[in-house]
Structures are given as C-alpha cells and as structure tokens.
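Engineer: One structure coming up, written as structure tokens, with questions to follow.
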Amino acid sequence: MAAAPLINGTNYAWNNITWMWYSLPLVGIKSITYEAKQKTELNYGNGPYPISESQGNYEYTGEIEIYLDEWNAIIAAAPGNDPLQIPRSDMQVVYGGSRVTAKADTLQMVKFTNDPVTVKQGDGSVILKLTLSIAGIQHKAF
C-alpha cells in the first residue's frame, strides 16, 4: 500500500521576506546571507582523546546583493554621500505572510564595509555585493 503524501503547510519563500533598515523597507535587495559562528575547540590532555571543550568568541558575517539604484538612494542619504560613514544600526529581516508563522531576525548594529561596483558587458541589471559588519543576530518568533 502506497503512503499518502504528507503536506505540512506552506514554507517560507522569497516573497515572504521584507528588509527594514532605519525603519524603511529596502526593496532592491536581490539576496542576503548572514550567519553566526562560535569558535569551538577540543582540548586534549593525557592520551589521544579530547578531555574537554572550550568555546571562543562569536563572529557574525553577512552580505547582501542590491540593485545599483537602491544603493544610489542609500548613498544619497549617507553623511557626505559616503555609505561607509553611515552609523551602525539594526537591520530587520522579517519573514511573514498569510500562511506562515511570522518571525524576524534582527541583524544588530550593521555597518557597510565596502562600496563596490562591478559591471560587465551583457549585464541586464547592475547588482552590487555588499559586505556587512554585524555585531549580533537576534531571532524572534511572533
């Protein structure tokens, strides 16, 4: 007897995500990547097997890909038209929609660390890859 397929509801999708920065939605983001890491090390004593574990600092990294016109709007609002001088602030990644459980990840004290432009022949749009310096990531379900 064949098993019936199990459908557990709707999953998050790209169209369920909103980015908020300085309380304004960013609509020109093409992709986002962020992660938290903690250095973990096994400690050795007598013999070949670990005897304990030690944990180090947390490290947070992130990148966004953004359309040039959205980046130009950010540059225009930046102090002295320099996006690297924008003060650190939180960026929210809000996952929501009518059929999913709402949640928000707050990227704490975000700062842009580069101002790149790469364009090549044949590009139909100009998308920039920006590196983010992040001080923490907070997850919250609603």
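As shown in the structure tokens, the chain order sets the letters A, B, ...; within each chain, residues go from 1, and ligands are also counted from 1 in the order they appear.
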Can you tell me, as a VMD selection string, what residues are no more than 9 Å from His139 (chain A) when counting only C-alpha atoms, ignoring any on the same chain fewer than 5 positions away?

Structural biologist: chain A and resid 103 to 107

Engineer: Write out the residues from the selection above, keeping C-alpha atoms, as a PDB file, in the first residue's frame.

Structural biologist:
```
ATOM      1  CA  LYS A 103       9.378  35.770  12.586  1.00  0.00           C
ATOM      2  CA  ALA A 104      12.069  38.412  12.476  1.00  0.00           C
ATOM      3  CA  ASP A 105      15.835  38.204  12.548  1.00  0.00           C
ATOM      4  CA  THR A 106      17.440  41.401  13.767  1.00  0.00           C
ATOM      5  CA  LEU A 107      20.943  41.959  12.470  1.00  0.00           C
TER       6      LEU A 107
END
```

Engineer: With a distance cut-off of 10 Å and only C-alpha atoms, select the neighbouring residues of Val100 (chain A), excluding the residue or stretch itself and same-chain residues fewer than 6 positions from it, and output the selection as a PDB file with N, CA and C atoms, in the first residue's frame.

Structural biologist:
```
ATOM      1  N   GLY A   9       1.919  22.140   5.241  1.00  0.00           N
ATOM      2  CA  GLY A   9       1.591  23.557   5.148  1.00  0.00           C
ATOM      3  C   GLY A   9       2.511  24.276   4.183  1.00  0.00           C
ATOM      4  N   THR A  10       2.578  25.568   4.341  1.00  0.00           N
ATOM      5  CA  THR A  10       3.344  26.406   3.440  1.00  0.00           C
ATOM      6  C   THR A  10       4.686  26.744   4.075  1.00  0.00           C
ATOM      7  N   ASN A  11       5.736  26.739   3.278  1.00  0.00           N
ATOM      8  CA  ASN A  11       7.065  27.095   3.744  1.00  0.00           C
ATOM      9  C   ASN A  11       7.352  28.558   3.416  1.00  0.00           C
ATOM     10  N   TYR A  12       8.391  29.113   4.040  1.00  0.00           N
ATOM     11  CA  TYR A  12       8.812  30.469   3.727  1.00  0.00           C
ATOM     12  C   TYR A  12       9.329  30.525   2.293  1.00  0.00           C
ATOM     13  N   ALA A  13       9.103  31.635   1.654  1.00  0.00           N
ATOM     14  CA  ALA A  13       9.572  31.845   0.287  1.00  0.00           C
ATOM     15  C   ALA A  13      10.117  33.262   0.180  1.00  0.00           C
ATOM     16  N   ASN A  16       7.998  36.215   0.962  1.00  0.00           N
ATOM     17  CA  ASN A  16       7.552  36.407   2.339  1.00  0.00           C
ATOM     18  C   ASN A  16       8.527  37.254   3.148  1.00  0.00           C
TER      19      ASN A  16
END
```

Engineer: With distances taken over only C-alpha atoms, which residue among A:Trp71, A:Tyr60, A:Phe142, A:Tyr95 lies nearest Ala36 (chain A)?

Structural biologist: A:Tyr60

Engineer: Excluding Thr18 (chain A) and residues on its chain fewer than 3 positions from it, collect all residues at most 8 Å away from it, counting only C-alpha atoms, and give them as a PyMOL selection string.

Structural biologist: chain A and resi 25-27+92-95

Engineer: Write out, as a PDB file, in the first residue's frame, the residues just selected, with all heavy atoms.

Structural biologist:
```pdb
ATOM      1  N   PRO A  25      11.569  50.171   4.458  1.00  0.00           N
ATOM      2  CA  PRO A  25      11.770  48.912   3.734  1.00  0.00           C
ATOM      3  C   PRO A  25      12.790  49.090   2.603  1.00  0.00           C
ATOM      4  O   PRO A  25      12.802  50.107   1.920  1.00  0.00           O
ATOM      5  CB  PRO A  25      10.381  48.601   3.173  1.00  0.00           C
ATOM      6  CG  PRO A  25       9.690  49.916   3.098  1.00  0.00           C
ATOM      7  CD  PRO A  25      10.271  50.770   4.183  1.00  0.00           C
ATOM      8  N   LEU A  26      13.664  48.111   2.456  1.00  0.00           N
ATOM      9  CA  LEU A  26      14.584  48.067   1.321  1.00  0.00           C
ATOM     10  C   LEU A  26      13.976  47.117   0.300  1.00  0.00           C
ATOM     11  O   LEU A  26      13.777  45.940   0.588  1.00  0.00           O
ATOM     12  CB  LEU A  26      15.959  47.559   1.755  1.00  0.00           C
ATOM     13  CG  LEU A  26      16.754  48.436   2.711  1.00  0.00           C
ATOM     14  CD1 LEU A  26      18.039  47.734   3.134  1.00  0.00           C
ATOM     15  CD2 LEU A  26      17.075  49.763   2.056  1.00  0.00           C
ATOM     16  N   VAL A  27      13.672  47.622  -0.887  1.00  0.00           N
ATOM     17  CA  VAL A  27      13.012  46.789  -1.888  1.00  0.00           C
ATOM     18  C   VAL A  27      13.971  46.287  -2.958  1.00  0.00           C
ATOM     19  O   VAL A  27      13.644  45.384  -3.705  1.00  0.00           O
ATOM     20  CB  VAL A  27      11.827  47.533  -2.556  1.00  0.00           C
ATOM     21  CG1 VAL A  27      10.743  47.840  -1.528  1.00  0.00           C
ATOM     22  CG2 VAL A  27      12.300  48.807  -3.235  1.00  0.00           C
ATOM     23  N   GLN A  92      16.387  44.666  10.078  1.00  0.00           N
ATOM     24  CA  GLN A  92      15.479  43.554  10.337  1.00  0.00           C
ATOM     25  C   GLN A  92      15.177  42.803   9.051  1.00  0.00           C
ATOM     26  O   GLN A  92      14.944  43.405   8.008  1.00  0.00           O
ATOM     27  CB  GLN A  92      14.173  44.040  10.938  1.00  0.00           C
ATOM     28  CG  GLN A  92      14.282  44.377  12.404  1.00  0.00           C
ATOM     29  CD  GLN A  92      12.923  44.467  13.029  1.00  0.00           C
ATOM     30  OE1 GLN A  92      11.992  45.025  12.449  1.00  0.00           O
ATOM     31  NE2 GLN A  92      12.780  43.912  14.212  1.00  0.00           N
ATOM     32  N   VAL A  93      15.194  41.476   9.170  1.00  0.00           N
ATOM     33  CA  VAL A  93      14.764  40.596   8.094  1.00  0.00           C
ATOM     34  C   VAL A  93      13.493  39.942   8.615  1.00  0.00           C
ATOM     35  O   VAL A  93      13.536  39.124   9.537  1.00  0.00           O
ATOM     36  CB  VAL A  93      15.842  39.534   7.770  1.00  0.00           C
ATOM     37  CG1 VAL A  93      15.404  38.697   6.587  1.00  0.00           C
ATOM     38  CG2 VAL A  93      17.192  40.187   7.517  1.00  0.00           C
ATOM     39  N   VAL A  94      12.353  40.350   8.060  1.00  0.00           N
ATOM     40  CA  VAL A  94      11.054  39.919   8.560  1.00  0.00           C
ATOM     41  C   VAL A  94      10.483  38.874   7.616  1.00  0.00           C
ATOM     42  O   VAL A  94      10.346  39.112   6.412  1.00  0.00           O
ATOM     43  CB  VAL A  94      10.081  41.111   8.684  1.00  0.00           C
ATOM     44  CG1 VAL A  94       8.734  40.652   9.225  1.00  0.00           C
ATOM     45  CG2 VAL A  94      10.682  42.206   9.554  1.00  0.00           C
ATOM     46  N   TYR A  95      10.175  37.715   8.187  1.00  0.00           N
ATOM     47  CA  TYR A  95       9.565  36.617   7.433  1.00  0.00           C
ATOM     48  C   TYR A  95       8.091  36.587   7.819  1.00  0.00           C
ATOM     49  O   TYR A  95       7.758  36.414   8.981  1.00  0.00           O
ATOM     50  CB  TYR A  95      10.205  35.284   7.803  1.00  0.00           C
ATOM     51  CG  TYR A  95      11.682  35.209   7.517  1.00  0.00           C
ATOM     52  CD1 TYR A  95      12.619  35.735   8.406  1.00  0.00           C
ATOM     53  CD2 TYR A  95      12.140  34.608   6.363  1.00  0.00           C
ATOM     54  CE1 TYR A  95      13.972  35.671   8.145  1.00  0.00           C
ATOM     55  CE2 TYR A  95      13.503  34.537   6.095  1.00  0.00           C
ATOM     56  CZ  TYR A  95      14.410  35.062   6.996  1.00  0.00           C
ATOM     57  OH  TYR A  95      15.748  34.985   6.726  1.00  0.00           O
TER      58      TYR A  95
END
```

Engineer: Closest to Leu128 (chain A) among A:Ala78, A:Met109, A:Ile86, A:Leu68, using only C-alpha atoms?

Structural biologist: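 Smallest distance to Leu128 (chain A) is found for A:Leu68.
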
Engineer: Could you pull out the residues in chain A that DSSP calls strand (DSSP E or B) from the backbone, as number ranges by chain?

Structural biologist: A: 17-21, 24-26, 29-44, 50-67, 89-95, 103-112, 127-133, 136-141

Engineer: Using only C-alpha atoms, can you tell me which of A:Tyr67, A:Leu42, A:Pro48, A:Ile74 comes closest to Gly124 (chain A)?

Structural biologist: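 Of the candidates, the smallest distance to Gly124 (chain A) is held by A:Tyr67.
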
Engineer: Could you check the closest approach to Glu65 (chain A) for each of A:Ala102, A:Val117, A:Met91, A:Leu24 and tell me which residue wins, using only C-alpha atoms?

Structural biologist: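 Closest to Glu65 (chain A), using only C-alpha atoms: A:Val117.
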